[in-house]
Structure formats: C-alpha cells, structure tokens
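Text of run38.txt, listed as compact mmCIF, C-alpha atoms:
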# COMPACT_ATOMS: atom_id res chain seq x y z
CA MET V 744 110.74 63.23 152.50
CA LYS V 745 109.41 66.76 152.65
CA HIS V 746 112.83 68.25 151.89
CA VAL V 747 113.48 65.83 149.07
CA LEU V 748 110.15 66.74 147.49
CA THR V 749 110.85 70.48 147.77
CA PHE V 750 114.33 70.01 146.33
CA LEU V 751 112.96 68.00 143.42
CA ILE V 752 110.30 70.58 142.60
CA VAL V 753 112.78 73.47 142.73
CA THR V 754 115.36 71.59 140.64
CA ILE V 755 112.85 70.59 137.96
CA SER V 756 111.51 74.15 137.80
CA ILE V 757 115.00 75.62 137.32
CA VAL V 758 115.89 73.06 134.65
CA CYS V 759 112.66 73.79 132.75
CA LEU V 760 113.16 77.54 132.90
CA MET V 761 116.80 77.29 131.79
CA GLY V 762 115.77 75.14 128.84
CA CYS V 763 113.32 77.75 127.70
CA SER V 764 115.69 80.64 128.01
CA THR V 765 117.80 79.25 125.16
CA LYS V 766 114.93 79.53 122.66
CA PRO V 767 113.87 83.15 122.19
CA GLN V 768 111.49 83.97 119.33
CA THR V 769 114.20 85.63 117.32
CA LEU V 770 114.73 85.21 113.60
CA SER V 771 117.93 85.13 111.63
CA THR V 772 118.75 87.31 108.63
CA GLU V 773 121.44 86.73 106.09
CA ALA V 774 123.28 89.36 104.08
CA LEU V 775 120.95 90.84 101.46
CA SER V 776 121.87 92.50 98.18
CA GLY V 777 121.67 96.30 98.31
CA ILE V 778 120.01 96.27 101.72
CA ALA V 779 121.62 97.27 105.02
CA ASN V 780 120.55 96.70 108.63
CA PRO V 781 117.48 94.64 107.85
CA SER V 782 114.87 94.06 110.55
CA ILE V 783 112.12 91.50 110.12
CA HIS V 784 108.73 91.41 111.78
CA ILE V 785 106.44 88.42 111.19
CA MET V 786 102.88 87.91 112.43
CA VAL V 787 101.24 84.51 112.09
CA ARG V 788 97.62 83.77 112.89
CA GLU V 789 97.65 81.34 115.78
CA ALA V 790 94.26 79.74 115.15
CA GLN V 791 94.83 78.86 111.50
CA GLU V 792 97.70 77.23 109.66
CA PRO V 793 98.85 79.27 106.62
CA PRO V 794 98.64 76.74 103.74
CA VAL V 795 101.38 75.62 101.38
CA THR V 796 99.00 73.94 98.94
CA GLY V 797 96.25 75.39 96.78
CA SER V 798 96.33 78.55 94.70
CA PHE V 799 97.29 82.17 95.16
CA GLY V 800 96.66 85.41 93.28
CA TRP V 801 97.45 89.06 93.70
CA GLY V 802 95.66 91.26 96.21
CA TYR V 803 96.53 94.92 96.57
CA CYS V 804 99.75 96.72 95.69
CA LEU V 805 100.43 99.80 97.80
CA LEU V 806 103.37 101.98 96.87
CA LYS V 807 104.41 105.06 98.80
CA VAL V 808 107.29 106.73 97.04
CA PRO V 809 108.62 110.28 96.90
CA PRO V 810 107.22 112.25 93.95
CA ASN V 811 109.55 112.63 90.98
CA ALA V 812 111.67 109.75 92.24
CA GLY V 813 112.18 108.75 88.64
CA THR V 814 111.06 105.23 89.43
CA SER V 815 108.47 103.36 87.44
CA LEU V 816 105.90 101.95 89.86
CA SER V 817 104.75 99.35 87.39
CA LEU V 818 108.36 98.18 86.99
CA ILE V 819 108.72 97.84 90.77
CA ASN V 820 105.43 95.95 90.77
CA LYS V 821 106.68 93.56 88.10
CA ARG V 822 109.88 92.87 90.00
CA LEU V 823 108.10 92.23 93.29
CA HIS V 824 105.43 90.05 91.70
CA SER V 825 108.08 88.06 89.89
CA ALA V 826 110.01 87.45 93.12
CA MET V 827 106.85 86.56 95.10
CA HIS V 828 105.66 84.26 92.32
CA ASP V 829 108.93 82.33 92.35
CA GLU V 830 109.03 81.99 96.14
CA LEU V 831 105.42 80.87 96.53
CA THR V 832 105.43 78.43 93.62
CA GLY V 833 108.64 77.06 95.12
CA LYS V 834 106.69 76.30 98.27
CA GLY V 835 104.05 74.34 96.34
CA LEU V 836 101.38 76.99 95.73
CA ILE V 837 99.94 77.52 92.24
CA PHE V 838 99.33 80.96 90.72
CA THR V 839 95.90 81.75 89.32
CA GLU V 840 94.25 85.01 88.32
CA THR V 841 90.70 83.89 89.06
CA GLU V 842 89.34 83.05 92.49
CA PRO V 843 92.57 82.02 94.19
CA ASP V 844 92.56 80.45 97.66
CA LEU V 845 95.01 83.04 98.92
CA LEU V 846 95.43 86.71 98.12
CA VAL V 847 99.01 87.92 98.34
CA SER V 848 99.46 91.67 98.71
CA TYR V 849 102.35 93.98 99.30
CA ALA V 850 103.02 97.49 100.50
CA LEU V 851 106.26 99.29 99.76
CA ALA V 852 106.87 102.51 101.63
CA ALA V 853 110.11 104.08 100.53
CA GLY V 854 109.12 107.68 101.04
CA SER V 855 107.36 107.56 104.38
CA ASP V 856 106.32 105.44 107.32
CA ILE V 857 103.31 103.20 107.00
CA ASP V 858 100.56 102.50 109.47
CA ALA V 859 98.96 99.12 110.13
CA ASP V 860 95.60 100.87 109.89
CA GLU V 861 96.47 102.12 106.45
CA LEU V 862 97.43 98.63 105.32
CA ASN V 863 94.12 97.26 106.53
CA GLN V 864 92.10 100.07 104.96
CA THR V 865 93.77 99.42 101.62
CA TYR V 866 91.81 96.19 101.34
CA GLY V 867 88.62 98.24 101.06
CA GLU V 868 85.77 95.77 100.81
CA MET V 869 88.08 92.91 99.84
CA ILE V 870 88.34 91.62 103.41
CA ASP V 871 86.75 92.38 106.75
CA THR V 872 89.53 93.88 108.81
CA SER V 873 87.33 94.73 111.77
CA PHE V 874 88.53 91.63 113.59
CA LEU V 875 92.13 92.78 113.34
CA LYS V 876 92.21 94.20 116.80
CA MET V 877 95.53 95.86 117.42
CA GLU V 878 97.17 95.35 120.78
CA ALA V 879 98.85 98.72 120.34
CA PRO V 880 98.81 101.30 117.55
CA MET V 881 101.63 100.19 115.31
CA HIS V 882 103.46 101.53 112.34
CA TYR V 883 106.41 100.49 110.26
CA LYS V 884 109.25 102.94 109.82
CA ARG V 885 110.29 104.42 106.49
CA GLY V 886 111.87 101.94 104.10
CA VAL V 887 109.62 98.97 104.58
CA LEU V 888 108.21 96.17 102.47
CA VAL V 889 105.17 94.43 103.93
CA LEU V 890 103.72 91.20 102.54
CA ASP V 891 100.24 89.95 103.42
CA VAL V 892 98.72 86.53 102.86
CA VAL V 893 94.94 86.49 103.18
CA GLU V 894 92.46 83.64 102.83
CA ARG V 895 90.21 85.03 100.07
CA VAL V 896 86.88 83.39 100.96
CA SER V 897 86.90 84.17 104.67
CA GLY V 898 88.94 87.36 104.33
CA THR V 899 91.24 86.29 107.14
CA LEU V 900 94.74 87.63 107.40
CA LEU V 901 96.87 84.53 107.91
CA TRP V 902 100.38 85.89 107.69
CA ARG V 903 102.04 89.30 107.55
CA GLY V 904 105.76 89.81 107.12
CA ALA V 905 107.65 93.09 107.05
CA ILE V 906 111.25 93.88 106.28
CA MET V 907 112.59 97.28 107.25
CA ALA V 908 116.00 98.28 105.98
CA GLU V 909 118.23 100.95 104.57
CA ILE V 910 118.21 100.81 100.80
CA ASP V 911 121.22 101.73 98.70
CA ILE V 912 119.92 104.42 96.34
CA ASN V 913 122.87 104.00 94.00
CA TRP V 914 122.25 100.30 93.55
CA PRO V 915 122.72 99.44 89.84
CA GLU V 916 119.55 99.11 87.80
CA GLU V 917 120.50 95.68 86.46
CA ARG V 918 120.76 94.30 90.02
CA LYS V 919 117.43 95.62 91.33
CA GLN V 920 115.63 92.38 90.52
CA GLU V 921 118.27 90.56 92.58
CA ARG V 922 117.60 92.92 95.49
CA CYS V 923 113.85 92.33 95.24
CA ASN V 924 114.42 88.58 95.14
CA ASP V 925 116.60 88.72 98.26
CA ALA V 926 114.12 90.81 100.24
CA ILE V 927 111.17 88.62 99.28
CA LYS V 928 113.15 85.46 100.02
CA ALA V 929 114.17 86.83 103.44
CA LEU V 930 110.48 87.26 104.29
CA PHE V 931 109.02 84.14 102.74
CA GLN V 932 111.63 81.92 104.37
CA HIS V 933 109.42 82.47 107.42
CA TYR V 934 106.27 81.29 105.62
CA PRO V 935 104.19 79.44 106.73
CA HIS V 936 106.03 79.42 110.05
CA PRO V 937 108.98 81.47 111.23
CA SER V 938 112.09 79.54 112.14
CA PRO V 939 113.38 81.01 115.38
CA ILE V 940 117.07 80.54 115.96
CA GLU V 941 118.71 79.36 119.11
CA ARG V 942 121.19 81.69 120.72
CA MET F 86 80.01 66.27 170.07
CA ASN F 87 82.96 68.06 168.71
CA ASN F 88 82.29 69.45 165.22
CA GLN F 89 85.63 71.22 164.97
CA CYS F 90 87.71 70.02 162.08
CA LYS F 91 91.24 69.16 163.09
CA PHE F 92 93.85 69.73 160.36
CA SER F 93 96.76 67.32 160.56
CA THR F 94 99.40 66.29 158.00
CA LYS F 95 98.64 62.75 158.93
CA HIS F 96 95.02 63.19 157.98
CA PRO F 97 94.06 60.93 155.00
CA VAL F 98 92.66 63.93 153.10
CA PHE F 99 95.99 65.69 153.31
CA LYS F 100 97.80 62.56 152.09
CA ARG F 101 95.50 62.41 149.07
CA LEU F 102 96.02 66.14 148.48
CA LYS F 103 99.79 65.64 148.57
CA ILE F 104 99.58 62.84 146.00
CA PHE F 105 97.36 65.00 143.82
CA MET F 106 99.78 67.95 144.04
CA ILE F 107 102.77 65.80 143.11
CA ALA F 108 100.86 64.32 140.18
CA ALA F 109 99.75 67.77 139.06
CA LEU F 110 103.26 69.20 139.30
CA THR F 111 104.62 66.23 137.37
CA CYS F 112 102.14 67.00 134.60
CA ILE F 113 102.65 70.76 134.64
CA LEU F 114 106.43 70.91 134.76
CA PRO F 115 107.10 69.21 131.40
CA CYS F 116 104.70 71.77 129.94
CA GLY F 117 106.64 74.53 131.63
CA CYS F 118 108.70 75.23 128.53
CA GLY F 119 105.60 75.78 126.50
CA ILE F 120 104.18 78.15 129.06
CA VAL F 121 107.35 80.18 129.28
CA LYS F 122 107.75 80.16 125.49
CA THR F 123 104.25 81.58 125.15
CA ALA F 124 105.18 84.25 127.63
CA VAL F 125 108.20 85.20 125.49
CA VAL F 126 105.99 85.47 122.42
CA ALA F 127 103.43 87.48 124.33
CA THR F 128 106.11 89.95 125.37
CA VAL F 129 107.15 90.47 121.78
CA ALA F 130 103.53 90.50 120.65
CA VAL F 131 102.92 93.83 122.28
CA VAL F 132 103.26 95.26 118.80
CA GLY F 133 100.88 93.13 116.79
CA PHE F 134 97.30 91.99 116.50
CA ALA F 135 95.40 90.00 119.07
CA GLY F 136 95.45 86.33 118.08
CA TYR F 137 98.71 86.60 116.14
CA ALA F 138 102.11 85.32 117.19
CA VAL F 139 104.85 87.83 116.52
CA TYR F 140 108.45 87.06 115.66
CA LYS F 141 111.16 89.56 114.91
CA THR F 142 114.80 90.22 114.31
CA GLY F 143 116.98 93.30 114.09
CA GLU F 144 116.23 96.58 115.73
CA ALA F 145 112.66 96.94 116.91
CA VAL F 146 111.55 99.21 114.11
CA VAL F 147 107.88 98.35 114.37
CA VAL F 148 106.78 100.68 117.09
CA GLY F 149 103.61 100.97 119.00
CA VAL F 150 103.63 104.69 119.46
CA GLY F 151 102.84 107.60 117.21
CA ARG F 152 101.18 107.59 113.86
CA ALA F 153 102.47 107.24 110.35
CA GLY F 154 102.16 110.13 107.94
CA SER F 155 98.93 110.56 106.05
CA ALA F 156 98.53 108.64 102.83
CA VAL F 157 97.68 111.87 101.09
CA ALA F 158 100.61 113.64 99.54
CA THR F 159 100.83 117.07 101.02
CA GLY F 160 103.58 119.55 100.44
CA ALA F 161 106.78 119.21 98.51
CA GLY F 162 108.65 115.98 99.09
CA ALA F 163 105.74 114.13 100.68
CA ALA F 164 105.36 110.55 99.51
CA VAL F 165 102.76 109.85 96.88
CA SER F 166 100.54 106.93 97.78
CA VAL F 167 99.42 104.68 94.95
CA VAL F 168 97.25 101.60 95.34
CA PHE F 169 96.61 99.11 92.56
CA ILE F 170 93.78 96.81 93.54
CA ASN F 171 91.27 94.84 91.45
CA GLY F 172 92.54 96.60 88.31
CA ASP F 173 91.99 100.11 89.70
CA PHE F 174 94.91 102.51 90.04
CA LYS F 175 94.07 104.71 93.01
CA THR F 176 95.92 107.81 94.05
CA GLN F 177 95.44 111.35 95.33
CA TYR F 178 96.20 114.77 93.95
CA PRO F 179 96.76 117.84 96.14
CA ASP F 180 94.23 119.90 94.15
CA ARG F 181 90.48 120.34 93.97
CA VAL F 182 88.28 118.29 91.65
CA GLN F 183 87.92 121.01 89.02
CA THR F 184 91.71 121.46 88.71
CA VAL F 185 92.37 117.73 88.51
CA TRP F 186 89.56 117.17 85.98
CA THR F 187 90.93 119.94 83.73
CA ALA F 188 94.45 118.54 84.02
CA ALA F 189 93.19 115.04 83.25
CA ARG F 190 91.36 116.25 80.16
CA GLY F 191 94.60 117.89 79.03
CA ALA F 192 96.47 114.63 79.73
CA PHE F 193 93.96 112.61 77.69
CA GLU F 194 94.33 115.01 74.78
CA LYS F 195 98.12 114.84 75.00
CA ALA F 196 97.89 111.06 74.93
CA MET F 197 95.78 111.46 71.75
CA LEU F 198 92.97 109.42 73.21
CA VAL F 199 89.63 109.57 71.41
CA LYS F 200 85.98 109.87 72.47
CA ILE F 201 86.92 112.02 75.47
CA ASP F 202 83.83 112.71 77.51
CA GLY F 203 82.93 113.55 81.08
CA SER F 204 81.69 116.03 83.61
CA PHE F 205 82.44 117.28 87.09
CA ASP F 206 81.11 119.30 89.98
CA ALA F 207 82.75 120.44 93.20
CA LEU F 208 82.41 117.01 94.80
CA SER F 209 83.16 114.51 92.06
CA GLY F 210 83.94 114.05 88.41
CA GLU F 211 84.32 111.44 85.71
CA LEU F 212 86.21 111.35 82.46
CA THR F 213 86.19 108.57 79.90
CA ALA F 214 88.15 108.02 76.71
CA GLU F 215 89.34 105.29 74.38
CA THR F 216 92.67 104.34 72.90
CA ARG F 217 92.88 103.94 69.13
CA GLU F 218 92.56 100.19 69.74
CA GLY F 219 89.25 100.72 71.52
CA THR F 220 90.46 100.13 75.09
CA LYS F 221 88.27 102.13 77.45
CA ILE F 222 89.90 104.39 80.03
CA THR F 223 87.88 105.67 82.96
CA LEU F 224 88.94 108.28 85.49
CA LYS F 225 86.80 108.82 88.57
CA LEU F 226 87.40 111.73 90.89
CA LYS F 227 86.09 112.36 94.36
CA SER F 228 86.71 115.33 96.59
CA ASN F 229 88.52 114.20 99.72
CA THR F 230 89.11 117.53 101.40
CA LEU F 231 88.78 121.00 99.95
CA GLN F 232 92.25 120.78 98.47
CA THR F 233 92.61 117.05 97.91
CA THR F 234 91.07 114.79 95.29
CA GLU F 235 91.00 111.02 95.27
CA ALA F 236 91.34 109.52 91.82
CA SER F 237 90.76 106.09 90.36
CA ILE F 238 92.07 105.18 86.91
CA ARG F 239 90.97 102.03 85.14
CA VAL F 240 92.25 100.83 81.81
CA GLY F 241 90.21 98.17 80.00
CA MET F 242 88.09 95.54 81.69
CA THR F 243 90.72 94.05 83.98
CA GLY F 244 92.99 97.05 84.51
CA ASP F 245 96.53 97.77 83.40
CA MET F 246 98.97 99.19 85.93
CA GLU F 247 101.52 100.33 83.36
CA MET F 248 99.03 102.27 81.24
CA SER F 249 97.33 103.67 84.35
CA GLU F 250 100.69 104.93 85.57
CA THR F 251 101.29 106.64 82.23
CA ILE F 252 97.95 108.45 82.53
CA HIS F 253 98.79 109.34 86.15
CA THR F 254 102.19 110.75 85.12
CA LEU F 255 100.59 112.83 82.35
CA ILE F 256 98.06 114.24 84.84
CA LEU F 257 100.90 115.13 87.25
CA GLN F 258 102.72 116.87 84.41
CA GLU F 259 99.58 118.86 83.56
CA LEU F 260 99.10 119.80 87.20
CA SER F 261 102.67 121.01 87.58
CA ALA F 262 102.71 122.87 84.25
CA PRO F 263 102.55 126.65 84.57
CA SER F 264 98.94 127.62 84.16
CA MET F 265 97.67 130.06 81.57
CA PRO F 266 98.31 133.64 82.70
CA PRO F 267 95.12 135.20 83.99
CA ALA F 268 93.46 137.74 81.71
CA LEU F 269 94.65 141.19 82.78
CA PRO F 270 92.12 143.99 83.13
CA ARG F 271 92.23 146.22 80.11
CA THR F 272 93.46 149.77 80.53
CA ALA F 273 91.33 152.76 79.67
CA GLN F 274 93.52 153.36 76.60
CA GLU F 275 92.88 149.84 75.29
CA ILE F 276 89.13 150.22 75.83
CA LYS F 277 89.10 153.51 73.84
CA SER F 278 91.04 151.99 70.96

Take the structure in this file and express it as structure tokens.
Amino acid sequence: MKHVLTFLIVTISIVCLMGCSTKPQTLSTEALSGIANPSIHIMVREAQEPPVTGSFGWGYCLLKVPPNAGTSLSLINKRLHSAMHDELTGKGLIFTETEPDLLVSYALAAGSDIDADELNQTYGEMIDTSFLKMEAPMHYKRGVLVLDVVERVSGTLLWRGAIMAEIDINWPEERKQERCNDAIKALFQHYPHPSPIER
Amino acid sequence: MNNQCKFSTKHPVFKRLKIFMIAALTCILPCGCGIVKTAVVATVAVVGFAGYAVYKTGEAVVVGVGRAGSAVATGAGAAVSVVFINGDFKTQYPDRVQTVWTAARGAFEKAMLVKIDGSFDALSGELTAETREGTKITLKLKSNTLQTTEASIRVGMTGDMEMSETIHTLILQELSAPSMPPALPRTAQEIKS
C-alpha cells in the first residue's frame, strides 16, 4: 500500500509538471510591414482586469527622435493615434476627449533607448507612479514603441506593451501608415490579455 | 505511569494524518499546473513591476541593467525628447534661458505673430504672442542646468501639436543660425577719425 501510494504521488507530480512545461508565457508575432526582428514585452496588472468597455482618450505622447531627422512629429502622432483609435474601437471602447475612463499613451524612441523611469515621469501629475515599484531597473532598447493604458480616475497603470524592432529607414512614405497599423495591431492583439502560444 | 509517547504507524493519529496528507495532495496536485505556471511568469517578470504579469517574445531586449540615455538632448546626434501632454508641447534646448528666449522671440517675429510680449531672467522666462486669428501662443522656459532649458509651448486653449511643432522648429532654426558677429574693438585709427 505504501509503495502504491508513493508511486501514485510521483506519477501524478510528473504528469502535472510535464503538462505545465508545454505552456510557456511566450507570445507569437507575425510578419510586420517595414519592421524586422520584432520583440514584444507586455505587462498586465494582476489585480485588475483591463476593460474592453467604456471610453478612452489620449494621455501623453513621448517622442525621442534624432534631431534633423526630417520627420514631422505631429504626422507620426496622427498616424499612431489613428492606428490606436481603430484598434481600441474595434475592441469595443469608445473615444472621447473629455474625462475618458482610460488614458492611452505612447512613447516612441527611435533615436535612443528609453527608461521605464522616464516613461513614468512623463505622466507628471497625471497619475501617481509611486506605486510602480520596479523589480529591477529596466529600459527598452533603441527602436521601441511603448503603449500604456491607465485608468484615469485612480491613475493606475493597467497595461503596458512594448515592441522593439529594427525599422527600415527607406520604407516608402505612402506605406508608413500601414507600418504603424501593423505595429499597433501586434501590441493590442495582447490587450486586455496576452495570448501565450503553446510550443 | 509512563508518560512517554510511543510513535507507531498503527497509531490512530498517524492513520488520520495519512488520510489528511492524501486528501491534501489530491487537492494540491491538480493545482500544480497553476503553481508552476506562476513560477514561469515570475521568472520572466524579473524585468517588470511588482504586481504585474510579464509576457514576452523575441530576443529579451528589455533589460534590467544599465540606464537609458538622458532625455535631454546633449551633443550632436543625441535624440531630441518631445512630450505632448494635456495640450502642452514640452521639450529641451541645449542652451541657457537667455539664448533660448532670444531665439524664440526671433522665431515669433519670423512667424509674423503679433502682440509679442515677455520677459526672462537667468532661471526662467515667458513669451506670449497671438496669431492673426487671435489664437494665443505661450512659451514658458525654465532653466534645467546651466546649459539646458526646458520649454513648454502651448497653442490656444486646448493645445495644437502641429502648430507647436512649427514654433519649435523655428526656434531650433534660430538657435542654429550663425549669431551676429561680436562688435570688434575699434582701432586707434578709427577712434581718431
């Protein structure tokens, strides 16, 4: 009886562990227009479900680009906002300029790395970032687009997604909106919850 | 009277303990996946915030070591950091307040804005103007370091990123334009004549 019990416990333990090993928290990425070697990093607040109903509006826009890059920042802003608007309304959220439930912000760092501290400081007095206790100092490498979803009233960061990639500088102007759409879609496909793939 | 406790597998307490352990293991094992899954997340979550689950793909480009470059543009080729938040266009210039204020005044004049007014000292400055349509433009300057100035540009009541960027570009042009040659000391011959 004793041996049978031991055998059962060991067998069940092995089966359980093997089952888990097939489900790593890894995300999939599809081919993206004008973007090579994309890496995605998603953070989701565990204690609060990011909503897919209610309203959203724009938070901050942070752009770090090389000087004299010949790129209009306001044009980049329009493209990104257009892509984010389409993705979020497609999920059931409604855009409003006044007192939205969610603030959606972005940071685009093409000319340098970007620090998580810097992202948080950008909010200024908009949200209280003191509770965002980092487990390790972290920064995103050059060529990154970071999207934030914050609950406006409580100032809680609910979701943060980042895509880091190599960007084709010679990408045609008329296809830049398509590239923005692809990058935003690649991130927001993991909103409200990432969809880990099975290996 | 023997008070010594004898431990035997046939003891009723041990039997109850065995039943309890089997029941506990039966309950815990189905949850095993969840526990291990959490452990996987926790491993990945080394680079993240406490209380946030982290998921990733591709090369681990988010790193937990080192620091990113400063937001302030320093030196040729450094990235310029621009923030547009609540209608304010915020950026930095690698010059002192006086230089930036003078360049901004020149930019406002080039843009043919009207009612240009403002003042500055070594620590801060402000410049206001209006477009011909009566839209108010406000530039606020604040000394960040001795050679760096933080600037905030606001166009109208709610802010306009496109117009703010135009003002910003004009200021950059003024800052990079060759300055007026300094007045040379007059020679003795010139003084006599």

Report, in Å to a single decimal, how far apart CA of Ile222 in chain F and CA of Arg239 in chain F are.
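Pair CA of Arg239 in chain F / CA of Ile222 in chain F returns 5.7 Å.
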
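Counting all atoms listed in the file and comparing F:Ile201, F:Lys227, F:Ile256, F:Ala236, the residue that lies closest to Ser166 in chain F is F:Ala236.
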
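Between CA of Lys834 in chain V and CA of Asp858 in chain V lies a distance of 29.1 Å.
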
A straight line from CA of Gly835 in chain V to CA of Thr865 in chain V spans 27.6 Å

May I have the residues within 9 Å of Gln920 in chain V as a PDB file with C-alpha atoms, in the coordinates of the input, using all atoms listed in the file and disregarding those fewer than 4 positions away in the same chain?
ATOM      1  CA  ILE V 819     108.720  97.840  90.770  1.00  0.00           C
ATOM      2  CA  ARG V 822     109.880  92.870  90.000  1.00  0.00           C
ATOM      3  CA  LEU V 823     108.100  92.230  93.290  1.00  0.00           C
ATOM      4  CA  SER V 825     108.080  88.060  89.890  1.00  0.00           C
ATOM      5  CA  ALA V 826     110.010  87.450  93.120  1.00  0.00           C
ATOM      6  CA  GLU V 916     119.550  99.110  87.800  1.00  0.00           C
ATOM      7  CA  ASN V 924     114.420  88.580  95.140  1.00  0.00           C
ATOM      8  CA  ASP V 925     116.600  88.720  98.260  1.00  0.00           C
TER       9      ASP V 925
END

query: Can you list, as a list in words, every protein, DNA or RNA residue that comes within 12 Å of Glu194 in chain F when you count all atoms listed in the file, leaving out same-chain residues fewer than 2 positions away?
result: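 Contacts, in chain order: Thr187, Ala188, Ala189, Arg190, Gly191, Ala192, Ala196, Met197, Leu198, Val199, Lys200, Ile201, Asp202, Leu212, Thr213, Ala214, Glu215, Thr216, Ile252, Leu255, Ile256 and Glu259 of chain F.
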
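The nearest approach to chain V among the residues F:Phe193, F:Thr254, F:Lys221, F:Met246, with all atoms listed in the file taken into account, belongs to F:Met246.
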
Residues within 6 Å of Val847 in chain V, all atoms listed in the file, excluding chain neighbours under 4 positions, as a ChimeraX atom specification = /V:801-802,891-892

TODO: Identify, on the basis of all atoms listed in the file, every residue whose closest approach to range 893-904 of chain V does not exceed 8 Å; exclude the query and any residue fewer than 5 positions from it along the same chain; express the result as a ChimeraX atom specification.
DONE: /V:783-788,791-793,842-847,869-872,930-931,934-935

In terms of the shortest atom-to-atom distance over only C-alpha atoms, which of F:Asn229, F:Thr220, F:Gln258, F:Glu250 is closest to chain V?
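The shortest atom-to-atom distance to chain V comes from F:Glu250.
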
- request: Considering only C-alpha atoms, state which residue in the set V:Ile778, V:Met881, V:Leu836, V:Leu818 is at the smallest distance from chain F.
  value: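 Answer, going by the shortest atom-to-atom distance: V:Met881.
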
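When only C-alpha atoms are used to measure the gap to chain V, the shortest distance among F:Val185, F:Leu260, F:Ser204, F:Ser249 belongs to F:Ser249.
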
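Counting all atoms listed in the file, the residue from V:Asn863, V:Thr814, V:Ser782, V:Thr839 that sits nearest to Gly797 in chain V is V:Thr839.
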